[in-house]
Amino acid sequence: MTATTKEAITSFHPASAPDYLPVPPLRDLQLSRLRAIVSRAYERVDLYRGRMEEANVTPPDLRSLEDIRKLPFTVKSDLRDTYPFGLFASPLRDVVRVHASSGTTGKPIVVAYTKEDIAVWTNAMVRSFACCGVHEGDIIQNAYGYGLFTGGLGAHYGAEALGATVIPISGGNTDRQITLLKDFAVTVICCTPSYFLHLTERALEMGVDIRSLPLRAGVFGAEPWSQNMRQRIEETTGIKAYDIYGLSEIVGPGVANECLHQCGPHVFEDYFYPEIIDPDTLQPLPDGQEGELVLTTLAKHAMPMIRYRTRDITSLSAEPCPCGRTLRRIMRIGRRSDDMFIIRGVNVFPSQVEAVLLAVKGTLPHYQIVLTREKNLDKMQVRVEVSAELSGDRVKGLEALRARISDAITTGLGIHADVRLVEPQTIPRSEGKAKRVIDQRQI
Amino acid sequence: MKTKQLSLFLENLPGHLHNVCKALADANINILTLSMADTQQFGILRLIVKDADKAKAVLEDAGCVVDLTEVVATEVADHPGGLADILEVIRKAELNVEYMYAFTFRRGDKAILVFRFNNPDAAVAALEAAGVAVIDDVEIYGRAE
C-alpha cells in the first residue's frame with residue numbers, strides 16, 4: 001500500500017471464518033444455537049416462558065429454523081416493563097457489564113452482558129472491522145460516545161482485539177478530533193455519518209484537507225443514512241464510507257457490517273438470526289421483500305432476545321456477494337414502523353417529548369417536533385402552542401416556561417432542543433391528530 | 001379603580017400584529033393605548049380598549065389567546081420628577097413595577113401612565129394614600145372620546 005492510493009488491504013482475519021460458512025452448515029449451526037438460547041430463555045426468564053406458554057409452544061417444538069415463527073415477538077416495551085433486570089437470564093454476579101439506552105418514555109432500556117457475551121460482541125466487532133478491510137496496525141479514532149451508549153465501548157473492544165491502535169476520543173470536541181486525526185495519522189474513523197460530514201466542514205475551516213491525511217475509511221452507523229450521503233462523504237474526503245448496523249437491545253454495534261463491495265451490511269448470522277416480517281400482519285416475508293427486521297440473538301447468555309422487533313424497515317438479500325461471504329445482507333434502512341427518530345445518534349420517541357411537556361405544565365399542549373440538519377448537525381426544534389393556561393401578560397413568565405421545557409428535554413432525553421412558543425392553532429391538525437414529527441433533514 | 005388590559009401572545013413574524021389590529025378594526029373597536037414587549041421569537045401585545053370583554057371575544061374568534069390582566073392607570077405630572085414622585089410611593093410600599101407604558105392623550109397638564117404591579121390592590125391603596133389620582137375605566141373611556 002502506498003500513502004497515495006489509500007487502497008485497503010484485503011487480508012483475511014481468522015475471526016471472519018464463520019462469514020464464509022456454506023449455507024447448509026450455517027443453518028444447522030443457527031438451529032442448534034436457536035434451540036439452546038430458546039431453552040435458556042424459557043427456563044430462566046418469566047416473560048419468555050409466560051409468552052411461550054400462551055402461544056402453546058415449548059423449546060422442543062423447534063425442529064427447524066422455520067419453526068422460529070411459532071415463537072412470540074419481543075418488543076421494546078417489554079424491556080421497559082421488566083426494568084431494570086427482569087429479562088436477565090443470568091444471575092447478576094455473572095453479569096460483567098450493563099448498558100442502557102433511552103426507552104419510549106422516561107425509563108431507560110437496560111441490556112446486560114456476561115463475560116462470554118462481551119467476547120461474542122467483541123468478536124462481532126472484530127469481524128465488522130475485518131469485513132471492511134480494517135486490520136491490525138490501523139489507527140482507529142473512535143468518536144462514538146463512550147458510556148451507557150453501546151457505540152463507544154463496543155467499537156473500542158473490537159478495535160483493540162483486532163490489534164489496531166485505538167484513540168478513545170468519544171463524541172464531540174470537533175477541533176480536537178481534527179487535530180488528532182492529523183497528528184496521530186489516523187487511518188480509520190468510527191462515528192455517525194452526519195458527524196463525520198460536520199467534522200469535514202470544520203476541518204476545511206481549520207485549513208485541514210482530509211484528502212491529504214492518511215485517513216482511509218470510516219465505519220459509520222448509529223443513524224440511518226443514504227447512498228447520496230455516502231457519495232458526498234467519499235467524493236469530498238477521498239475515504240471509503242462503510243455502513244455498520246446494530247442496536248443495544250441485540251448487542252450494540254456489530255450486528256451487521258458492510259464489506260469492501262459496499263452493497264449493504266452482512267448480518268453476522270451465526271450470532272444474530274434475521275427475519276423480515278410484515279409489520280401489520282406480522283407474517284414472515286421472503287428474502288428480497290421489504291418489511292420490518294426482526295432479530296434473535298443466538299449466542300447471548302445474559303439477555304437473550306427472541307424475535308425482537310427492531311422497527312427498522314429493510315429487506316434481506318441472499319444474493320451472492322463478490323466478497324464470498326455467505327451472510328445475508330440488509331439493505332438501506334429508510335424508515336421505521338414506529339415513530340422513533342434518531343438525532344445525533346440518540347434514539348428519540350415523540351412520547352418522551354410528550355412526557356416532558358406533561359410534567360412541566362400538567363396539561364399536554366399541542367406540539368410539533370421539527371428536525372433539520374444545519375452544517376451536517378441535526379437540530380431538534382420543539383414547537384409548543386401557547387394556550388390560555390400557558391399564556392400571560394409578562395415576558396418573563398413565558399421565557400421561564402420556555403427555559404423549563406428546554407431544560408427538562410435536555411435532562412430527560414440527553415439532547416438539546418430549541419423550544420419555540422407558537423401561536424394557537426398554528427400547528428396543523430390532520431384528522432384531529434397533529435403530525436408530531438416533521439423531518440426536514442436531507443439524509 | 002383598576003383597568004382591564006388585554007394581553008396577546010404573538011410570534012415575532014411579519015403580518016402577525018396586523019392580523020390582530022385588522023380583527024379589532026373590523027369589529028369597530030378603537031385601541032386607546034398599547035404596548036409591545038418583544039423577544040427574538042415572540043412578543044406580547046398589551047392593549048387597552050373601551051370594551052375589553054367584546055374585544056376579547058373578537059380576538060378569540062380570530063384564534064388568539066387573550067389574557068385579561070388588571071393594570072393601574074394614574075395621573076402623572078408632566079414635568080421633571082413627576083414619575084419619580086410616583087415611583088417613590090411604590091418603592092416605599094415595597095411593590096414592584098412589572099412594566100409600564102403611557103396613554104397618548106393627556107389630562108390637562110397631566111400625563112396618564114399605565115402600570116402593571118405585582119400587587120395591583122396594594123398599589124392602588126398606596127397611591128391613593130399618597131394623594132396620587134388613580135383613574136378608573138369610566139374616566140379613561142370618557143377622556144378618549
# chains A, B, ... in the order shown; residues from 1 in each chain; ligands from 1

$ select_by_dssp --residues "chain B" --states "alpha helix (DSSP H)" --output "NGL selection string"
:B and (16-26 or 52-61 or 82-92 or 120-129 or 137-144)

$ residues_around --residues "region 113-120 of chain A" --least-positions-apart "3" --cutoff "6 Å" --atoms "only C-alpha atoms" --output "short mmCIF file (atom, residue, chain, number, x, y, z; two decimals) with C-alpha atoms, in the first residue's frame"
data_model
loop_
_atom_site.label_atom_id
_atom_site.label_comp_id
_atom_site.auth_asym_id
_atom_site.auth_seq_id
_atom_site.Cartn_x
_atom_site.Cartn_y
_atom_site.Cartn_z
CA ASP A 94 -22.35 -13.34 36.15
CA VAL A 95 -23.17 -10.02 34.51
CA VAL A 96 -19.98 -8.07 33.92
CA ARG A 97 -21.47 -5.09 32.11
CA ASN A 123 -15.75 -10.88 18.08
CA LYS A 300 -26.04 -14.15 24.17
CA ALA A 302 -27.22 -12.62 30.00
#

$ residues_around --residues "region 94-107 of chain B" --least-positions-apart "4" --cutoff "6 Å" --atoms "only C-alpha atoms" --output "ChimeraX atom specification"
/B:33,90,111-118

$ closest_atom_pairs --of "chain A" --to "chain B" --cutoff "10 Å" --atoms "only C-alpha atoms" --output "tab-separated table"
residue	atom	partner	partner_atom	distance
A:Val386	CA	B:Val65	CA	7.4
A:Ser387	CA	B:Val65	CA	6.2
A:Ala388	CA	B:Val65	CA	5.7
A:Glu389	CA	B:Val65	CA	9.3
A:Leu390	CA	B:Val65	CA	9.3
A:Ser391	CA	B:Asp67	CA	6.8
A:Gly392	CA	B:Asp67	CA	5.7
A:Asp393	CA	B:Ser7	CA	5.1
A:Arg394	CA	B:Ile44	CA	7.4
A:Val395	CA	B:Ile44	CA	6.9
A:Lys396	CA	B:Glu98	CA	9.6
A:Leu398	CA	B:Phe42	CA	9.4
A:Glu399	CA	B:Thr39	CA	8.9
A:Arg420	CA	B:Gln41	CA	7.3
A:Leu421	CA	B:Phe42	CA	7.4
A:Val422	CA	B:Glu11	CA	6.1
A:Glu423	CA	B:Leu10	CA	6.2
A:Pro424	CA	B:Cys64	CA	6.6
A:Gln425	CA	B:Gly63	CA	6.9
A:Thr426	CA	B:Gly63	CA	9.3

$ write_last_selection --atoms "C-alpha atoms" --output "compact mmCIF listing (two decimals), in the first residue's frame"
# COMPACT_ATOMS: atom_id res chain seq x y z
CA VAL A 386 -49.46 28.75 23.63
CA SER A 387 -52.86 28.16 25.19
CA ALA A 388 -54.98 30.08 27.69
CA GLU A 389 -53.24 28.18 30.53
CA LEU A 390 -49.78 28.88 29.18
CA SER A 391 -50.29 32.49 28.19
CA GLY A 392 -49.95 35.68 30.22
CA ASP A 393 -49.06 39.33 30.01
CA ARG A 394 -45.47 39.07 31.16
CA VAL A 395 -42.49 38.18 29.00
CA LYS A 396 -40.55 36.70 31.90
CA LEU A 398 -43.16 32.89 29.00
CA GLU A 399 -39.37 32.96 28.89
CA ARG A 420 -40.34 27.68 20.33
CA LEU A 421 -43.60 29.01 21.68
CA VAL A 422 -46.04 29.44 18.82
CA GLU A 423 -49.48 30.94 18.42
CA PRO A 424 -52.56 28.80 18.96
CA GLN A 425 -53.91 26.82 16.01
CA THR A 426 -50.68 27.20 14.07

$ residues_around --residues "Ile167 (chain A)" --least-positions-apart "5" --cutoff "7 Å" --atoms "only C-alpha atoms" --output "ChimeraX atom specification"
/A:140-142

$ residues_around --residues "Ala144 (chain B)" --least-positions-apart "3" --cutoff "8 Å" --atoms "only C-alpha atoms" --output "list in words"
Leu32, Phe105, Ile140 and Tyr141 of chain B

$ write_last_selection --atoms "C-alpha atoms" --output "PDB file, in the first residue's frame"
ATOM      1  CA  LEU B  32     -56.845  53.575  23.395  1.00  0.00           C
ATOM      2  CA  PHE B 105     -53.762  61.598  25.439  1.00  0.00           C
ATOM      3  CA  ILE B 140     -60.377  56.793  30.761  1.00  0.00           C
ATOM      4  CA  TYR B 141     -63.052  55.922  28.245  1.00  0.00           C
TER       5      TYR B 141
END

$ select_by_dssp --residues "chain B" --states "strand (DSSP E)" --output "PyMOL selection string"
chain B and resi 3-11+31-38+42-49+66-77+97-107+110-117+134-135

$ residues_around --residues "Asp183 (chain A)" --least-positions-apart "4" --cutoff "12 Å" --atoms "only C-alpha atoms" --output "ChimeraX atom specification"
/A:139,141,167,176-179,187,208,213-215

$ residues_around --residues "Glu258 (chain A)" --least-positions-apart "6" --cutoff "7 Å" --atoms "only C-alpha atoms" --output "short mmCIF file (atom, residue, chain, number, x, y, z; two decimals) with C-alpha atoms, in the first residue's frame"
data_model
loop_
_atom_site.label_atom_id
_atom_site.label_comp_id
_atom_site.auth_asym_id
_atom_site.auth_seq_id
_atom_site.Cartn_x
_atom_site.Cartn_y
_atom_site.Cartn_z
CA CYS A 131 -15.27 -7.11 6.82
CA CYS A 132 -14.49 -3.62 5.54
CA TYR A 242 -18.88 1.71 5.32
CA ASP A 243 -22.24 1.12 6.95
CA ILE A 244 -22.34 -0.60 10.32
CA GLY A 264 -25.40 -3.50 2.36
CA PRO A 265 -24.25 -4.75 5.77
CA HIS A 266 -23.70 -8.52 6.09
#

$ closest_residue --among "B:Asn19, B:Val132, B:Val72, B:Met1" --to "Asp85 (chain B)" --atoms "only C-alpha atoms"
B:Val132
